[in-house]
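Undergrad: What follows is structure_14.cif, made up of mmCIF, C-alpha atoms:
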data_entry
loop_
_atom_site.label_atom_id
_atom_site.label_comp_id
_atom_site.auth_asym_id
_atom_site.auth_seq_id
_atom_site.Cartn_x
_atom_site.Cartn_y
_atom_site.Cartn_z
CA MET A 143 -4.02 71.38 3.64
CA THR A 144 -1.62 70.98 0.83
CA GLN A 145 -2.95 68.84 -1.97
CA LEU A 146 -0.64 66.04 -3.14
CA SER A 147 0.53 66.39 -6.68
CA VAL A 148 -0.21 63.71 -9.20
CA TYR A 149 3.48 62.79 -9.10
CA GLU A 150 3.47 62.44 -5.33
CA LYS A 151 0.35 60.30 -5.42
CA ALA A 152 1.93 58.10 -8.06
CA LYS A 153 5.09 57.77 -5.96
CA LEU A 154 3.09 56.73 -2.90
CA LEU A 155 1.24 54.12 -4.93
CA GLU A 156 4.51 52.87 -6.37
CA ASP A 157 6.07 52.52 -2.90
CA HIS A 158 2.99 50.72 -1.59
CA ALA A 159 3.00 48.34 -4.54
CA ALA A 160 6.70 47.60 -3.91
CA ARG A 161 6.00 46.76 -0.26
CA ILE A 162 3.19 44.41 -1.30
CA ALA A 163 5.46 42.78 -3.90
CA ASP A 164 8.23 42.38 -1.31
CA GLY A 165 5.76 40.74 1.07
CA GLU A 166 4.50 38.34 -1.58
CA GLU A 167 8.05 37.43 -2.61
CA SER A 168 9.04 36.84 1.01
CA GLN A 169 6.05 34.55 1.42
CA ARG A 170 6.94 32.64 -1.71
CA GLN A 171 10.53 32.25 -0.54
CA ALA A 172 9.42 31.12 2.92
CA THR A 173 7.10 28.50 1.41
CA ARG A 174 9.82 27.27 -0.96
CA VAL A 175 12.48 27.00 1.73
CA SER A 176 10.10 25.30 4.15
CA GLY A 177 9.33 22.59 1.59
CA ARG A 178 12.99 22.02 0.72
CA LEU A 179 13.92 21.89 4.42
CA THR A 180 11.29 19.21 5.06
CA GLU A 181 12.78 17.07 2.28
CA LEU A 182 16.35 17.61 3.49
CA ARG A 183 15.48 16.85 7.10
CA ALA A 184 13.86 13.57 6.05
CA GLN A 185 17.04 12.53 4.22
CA LEU A 186 19.23 13.61 7.12
CA SER A 187 17.02 11.57 9.45
CA ALA A 188 17.61 8.48 7.29
CA LEU A 189 21.34 9.17 7.43
CA ARG A 190 21.19 9.58 11.21
CA VAL A 191 19.51 6.16 11.52
CA GLN A 192 22.31 4.48 9.56
CA VAL A 193 25.01 6.22 11.63
CA GLY A 194 23.26 4.95 14.77
CA ILE A 195 23.27 1.39 13.40
CA THR A 196 26.98 1.61 12.57
CA ARG A 197 27.82 2.78 16.07
CA ALA A 198 25.62 0.11 17.65
CA LEU A 199 27.45 -2.57 15.62
CA GLN A 200 30.83 -1.13 16.50
CA ALA A 201 29.90 -1.17 20.19
CA ARG A 202 29.54 -4.96 19.75
CA GLU A 203 32.95 -5.17 18.03
CA ALA A 204 31.26 -5.53 14.64
CA GLY A 205 31.39 -3.28 11.59
CA LEU A 206 34.65 -1.73 12.75
CA GLY A 207 35.67 -1.16 9.13
CA VAL A 208 32.60 0.91 8.25
CA ASP A 209 33.79 4.39 7.26
CA LEU A 210 32.06 7.29 9.02
CA SER A 211 34.55 9.94 7.92
CA ASN A 212 32.31 11.60 5.31
CA ILE A 213 28.95 11.63 7.09
CA ASP A 214 28.97 15.46 6.89
CA ASP A 215 29.61 15.39 3.16
CA GLY A 216 27.75 18.27 1.53
CA ARG A 217 27.39 20.46 4.60
CA ALA A 218 30.33 22.74 3.77
CA GLY A 219 29.08 23.16 0.21
CA PHE A 220 25.60 23.88 1.50
CA GLU A 221 26.88 26.61 3.82
CA ARG A 222 29.09 28.17 1.09
CA SER A 223 26.23 28.25 -1.39
CA LEU A 224 23.85 30.43 0.61
CA GLY A 225 22.43 33.16 -1.61
CA PRO A 226 22.61 36.93 -0.98
CA SER A 227 19.33 36.70 0.91
CA GLY A 228 20.71 33.95 3.12
CA LEU A 229 18.23 31.49 1.61
CA PRO A 230 19.67 28.56 -0.37
CA SER A 231 18.48 28.01 -3.90
CA ASN A 232 16.61 24.85 -4.92
CA GLN A 233 19.80 23.64 -6.60
CA VAL A 234 21.74 23.99 -3.34
CA PHE A 235 19.06 22.06 -1.44
CA GLY A 236 19.03 19.38 -4.13
CA THR A 237 22.81 18.91 -4.02
CA ALA A 238 22.83 18.62 -0.22
CA LYS A 239 19.98 16.10 -0.32
CA ARG A 240 21.70 13.95 -2.97
CA LYS A 241 24.96 13.88 -1.03
CA ALA A 242 23.21 12.94 2.21
CA GLN A 243 21.33 10.16 0.41
CA ALA A 244 24.54 8.84 -1.16
CA VAL A 245 26.20 8.55 2.25
CA ALA A 246 23.08 6.96 3.80
CA ASP A 247 22.88 4.39 0.98
CA ARG A 248 26.56 3.53 1.34
CA LEU A 249 26.24 3.12 5.10
CA SER A 250 23.10 1.02 4.73
CA GLU A 251 24.91 -1.43 2.47
CA ALA A 252 27.96 -1.57 4.74
CA ASN A 253 25.83 -1.98 7.86
CA GLN A 254 23.88 -4.86 6.34
CA ALA A 255 27.09 -6.65 5.38
CA ALA A 256 28.53 -6.13 8.88
CA TRP A 257 25.28 -7.33 10.46
CA SER A 258 25.27 -10.52 8.39
CA ALA A 259 28.91 -11.25 9.18
CA TRP A 260 28.39 -10.60 12.90
CA THR A 261 25.23 -12.67 13.33
CA GLN A 262 26.46 -15.58 11.20
CA GLY A 263 29.75 -15.60 13.09
CA LEU A 264 28.02 -15.76 16.46
CA LEU A 265 25.66 -18.51 15.30
CA ALA A 266 28.61 -20.53 14.05
CA ASP A 267 30.23 -20.27 17.50
CA LEU A 268 27.20 -21.74 19.30
CA PRO A 269 27.37 -25.49 20.09
CA LEU A 270 23.88 -26.00 18.69
CA ALA A 271 24.21 -29.80 18.75
CA ARG A 272 23.93 -29.54 22.54
CA ILE A 273 20.30 -28.44 22.27
CA ALA A 274 19.28 -32.08 21.95
CA MET A 275 21.18 -32.86 25.17
CA LEU A 276 19.17 -30.45 27.31
CA LEU A 277 17.15 -32.70 29.59
CA GLU A 278 15.54 -30.15 31.91
CA PRO A 279 11.78 -29.85 31.29
CA GLY A 280 11.14 -27.29 28.56
CA ALA A 281 14.85 -26.47 28.11
CA GLU A 282 15.20 -28.09 24.68
CA LYS A 283 12.07 -26.38 23.38
CA GLN A 284 13.21 -23.02 24.75
CA ALA A 285 16.67 -23.38 23.23
CA ALA A 286 15.27 -24.44 19.84
CA SER A 287 12.93 -21.44 19.89
CA ARG A 288 15.83 -19.09 20.60
CA GLN A 289 17.89 -20.65 17.82
CA ALA A 290 15.04 -20.13 15.36
CA GLU A 291 14.66 -16.53 16.54
CA LEU A 292 18.37 -15.85 16.03
CA GLU A 293 18.43 -17.42 12.58
CA ARG A 294 15.35 -15.45 11.55
CA ALA A 295 16.86 -12.18 12.81
CA ALA A 296 20.15 -12.85 11.01
CA LYS A 297 18.27 -12.94 7.70
CA GLY A 298 16.49 -9.66 8.43
CA LYS A 299 17.54 -6.02 8.19
CA ALA A 300 20.03 -4.42 10.53
CA SER A 301 18.63 -1.96 13.06
CA LYS A 302 19.54 -0.78 16.54
CA ASP A 303 16.64 -2.74 18.04
CA ALA A 304 17.59 -5.88 16.09
CA ILE A 305 21.19 -5.64 17.32
CA THR A 306 20.11 -5.35 20.97
CA THR A 307 17.54 -8.15 20.69
CA PHE A 308 19.98 -10.48 18.91
CA ALA A 309 22.68 -9.92 21.53
CA THR A 310 20.24 -10.56 24.39
CA THR A 311 18.78 -13.71 22.83
CA TYR A 312 22.23 -15.00 21.94
CA ALA A 313 23.47 -14.54 25.51
CA GLY A 314 20.46 -16.45 26.85
CA LEU A 315 20.96 -19.37 24.46
CA ALA A 316 24.72 -19.50 25.08
CA GLU A 317 24.06 -19.71 28.82
CA LEU A 318 21.58 -22.56 28.33
CA LEU A 319 24.10 -24.54 26.27
CA GLN A 320 27.10 -23.82 28.47
CA GLU A 321 26.49 -26.67 30.91
CA ALA A 322 25.19 -29.20 28.37
CA GLN A 323 27.52 -31.86 27.04
CA ASP A 324 28.34 -32.39 23.40
CA PRO A 325 26.53 -35.40 21.92
CA PRO A 326 28.62 -38.14 20.35
CA GLU A 327 28.75 -38.00 16.57
CA GLU A 328 26.49 -41.04 16.18
CA LEU A 329 23.80 -39.57 18.43
CA ALA A 330 24.03 -36.15 16.80
CA SER A 331 23.59 -37.75 13.39
CA LEU A 332 20.58 -39.75 14.56
CA LEU A 333 18.91 -36.76 16.20
CA GLU A 334 19.41 -34.75 13.02
CA ARG A 335 17.73 -37.56 11.05
CA LEU A 336 14.80 -37.52 13.46
CA ARG A 337 14.53 -33.74 13.11
CA GLN A 338 14.57 -33.84 9.33
CA GLN A 339 12.34 -36.91 9.05
CA PRO A 340 9.64 -36.68 11.74
CA ASP A 341 7.82 -39.68 10.19
CA LEU A 342 10.81 -41.99 10.64
CA THR A 343 9.64 -45.51 11.64
CA LEU A 344 11.20 -48.00 14.05
CA ARG A 345 12.23 -50.04 11.03
CA ASP A 346 14.47 -47.15 10.02
CA VAL A 347 16.25 -47.10 13.40
CA THR A 348 18.71 -49.80 14.42
CA ASP A 349 18.84 -51.52 17.81
CA ASP A 350 22.23 -49.91 18.44
CA GLU A 351 20.77 -46.46 17.77
CA ILE A 352 17.88 -47.13 20.14
CA ALA A 353 20.38 -48.29 22.78
CA LEU A 354 22.39 -45.09 22.22
CA ILE A 355 19.27 -43.02 22.80
CA ARG A 356 18.67 -44.84 26.09
CA VAL A 357 22.28 -44.52 27.26
CA TYR A 358 22.15 -40.73 26.94
CA GLY A 359 18.70 -40.42 28.50
CA MET A 360 17.05 -39.24 25.32
CA ASP A 361 14.38 -41.96 25.36
CA GLY A 362 12.08 -39.77 27.40
CA HIS A 363 12.24 -37.05 24.74
CA ILE A 364 11.27 -39.15 21.71
CA SER A 365 7.67 -40.17 21.08
CA LEU A 366 6.32 -43.19 19.19
CA LYS A 367 3.14 -42.98 17.16
CA ARG A 368 1.44 -45.85 15.39
CA LYS A 369 0.67 -45.13 11.75
CA GLY A 370 -3.00 -44.93 10.94
CA SER A 371 -3.98 -44.28 14.56
#
As structure tokens, what does this structure read like?
TA:
Amino acid sequence: MTQLSVYEKAKLLEDHAARIADGEESQRQATRVSGRLTELRAQLSALRVQVGITRALQAREAGLGVDLSNIDDGRAGFERSLGPSGLPSNQVFGTAKRKAQAVADRLSEANQAAWSAWTQGLLADLPLARIAMLLEPGAEKQAASRQAELERAAKGKASKDAITTFATTYAGLAELLQEAQDPPEELASLLERLRQQPDLTLRDVTDDEIALIRVYGMDGHISLKRKGS
């Protein structure tokens, strides 16, 4: 058997060392890219959520002016910047992440403004004064609860679930109020006083106001309580 020369042995060792080095470098690159991809996917997920909210608003004829034209901003640059190995550098990942975040932040702000305008507009269209004229058992309480739910939601953050829930609750309240009559201005004013001042006494209510309450059948919906009892 031919003995390997010292040179040949050294060359074999050198080749083996190179293969080990290549393997270690590949592992380092794989670990690096995996971490950067996790970060980028998280930012893209946040962007996807905001795009979904925009489209949900637009399906309700709201947020029609929200610009979705640049939601892919950064993708072309990301694809052009792939390195010789096909693996993007940390700088390329960072640029793509920053651009995705910038678009998501812009959409979030625009969506929130569209949500506020939409919900406040719908609430303004509801004849809420009619709630006091609902005489069916439990109807007034149900309507007041829905109004409170809508007002609370309007102050919250926009989301696809919030949009669906608001639309459903709004439709239910609008249906309840559809058949109720509008209260006269004097009665509406009195009922608002009673709502704002639950401890109002009989001395604070005139005979004409009491008669008005009776004429519109509201006397069965207002309780008297003796002070100190």
Undergrad: Taking 5 positions as the minimum chain separation for residues in the same chain, which residues sit within 7 Å of region 297-308 of chain A when counting only C-alpha atoms? Answer as a ChimeraX atom specification.
TA: /A:195,198,253-254,257,292
Undergrad: Take the residues just selected and output them with C-alpha atoms as a tab-separated table (two decimals), in the frame of the given file.
TA:
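Below is the file part.tsv, written as the result:
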chain	number	residue	atom	x	y	z
A	195	ILE	CA	23.27	1.39	13.40
A	198	ALA	CA	25.62	0.11	17.65
A	253	ASN	CA	25.83	-1.98	7.86
A	254	GLN	CA	23.88	-4.86	6.34
A	257	TRP	CA	25.28	-7.33	10.46
A	292	LEU	CA	18.37	-15.85	16.03
Undergrad: Using only C-alpha atoms for the distances, tell me which of A:Arg202, A:Gln289, A:Thr261, A:Ala188 is nearest to Ala246 (chain A).
TA: A:Ala188
Undergrad: Quick check on the file I pasted: which residues fall under the PyMOL selection byres ((chain A and resi 350-355) around 12)? Write them as a list in words.
TA: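 This file, filtered by the PyMOL selection byres ((chain A and resi 350-355) around 12), leaves Ala274, Met275, Pro325, Pro326, Glu327, Glu328, Leu329, Ala330, Ser331, Leu332, Leu333, Arg335, Leu336, Thr343, Leu344, Arg345, Asp346, Val347, Thr348, Asp349, Arg356, Val357, Tyr358, Gly359, Met360, Asp361, Gly362, His363 and Ile364 of chain A.
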Undergrad: Just how far from CA of Ala244 (chain A) is CA of Ser231 (chain A), in Å to one decimal?
TA: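 So the answer is 20.3 Å.
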Undergrad: Quick one: residues within 10 Å of Glu291 (chain A), all atoms listed in the file, excluding same-chain residues fewer than 4 positions away - as a list in words?
TA: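 In the requested form, the answer reads Ala285, Ala286, Ser287, Ala295, Ala296, Thr307, Phe308, Thr311 and Tyr312 of chain A.
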Undergrad: With only C-alpha atoms as the counted atoms, please give the residues lying no more than 7 Å from region 209-215 of chain A, apart from itself and same-chain residues fewer than 5 positions off, as a CSV table (one decimal) with C-alpha atoms, in the frame of the given file.
TA:
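Saved result, around14.csv, follows:
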chain,number,residue,atom,x,y,z
A,241,LYS,CA,25.0,13.9,-1.0
A,242,ALA,CA,23.2,12.9,2.2
A,245,VAL,CA,26.2,8.6,2.2
Undergrad: Taking all atoms listed in the file into account, name the residue in A:Thr196, A:Leu186, A:Pro340, A:Ala271 that is nearest to Ser365 (chain A).
TA: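 Of A:Thr196, A:Leu186, A:Pro340, A:Ala271, the one nearest Ser365 (chain A), counting all atoms listed in the file, is A:Pro340.
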Undergrad: Select, from A:Glu278, A:Val208, A:Val191, A:Ser176, the residue with the minimum atom-to-atom distance to Glu251 (chain A), counting only C-alpha atoms.
TA: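 For Glu251 (chain A), the nearest of the given residues is A:Val208.
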Undergrad: So that I can see what lies close to Gln185 (chain A), please list as a list in words the residues with an atom at most 9 Å from it, counting only C-alpha atoms and leaving out residues fewer than 5 positions away in the same chain.
TA: Thr180, Arg190, Lys239, Arg240, Ala242, Gln243 and Ala246 of chain A
Undergrad: Provide the CA of Gln200 (chain A) to CA of Ala256 (chain A) distance in Å, to one decimal place.
TA: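 Answer for the CA of Gln200 (chain A) to CA of Ala256 (chain A) separation: 9.4 Å.
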Undergrad: As a check of understanding, name the residues that the PyMOL selection byres ((chain A and resi 323) around 9) selects in the supplied structure, as an MDAnalysis selection string.
TA: chainID A and resid 272 275:276 319:322 324:325
Undergrad: Pick the closest to Glu317 (chain A) from A:Ala172, A:Leu366, A:Ala204, A:Ile273: which is it, counting all atoms listed in the file?
TA: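 Looking at the shortest contact to Glu317 (chain A), the residue is A:Ile273.
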Undergrad: Quick one, how far is CA of Arg288 (chain A) from CA of Val193 (chain A)?
TA: 28.4 Å
Undergrad: The centre and edge lengths of an axis-aligned box containing all atoms of region 228-247 of chain A present in the file, extended by 5 Å on each side, are to be given in Å to one decimal, as AutoDock Vina command-line options.
TA:
--center_x 21.4 --center_y 19.2 --center_z -1.4 --size_x 19.6 --size_y 39.6 --size_z 20.4
Undergrad: A:Leu206, A:Leu277, A:Gln171, A:Leu189: which is nearest Ser250 (chain A), counting all atoms listed in the file?
TA: A:Leu189
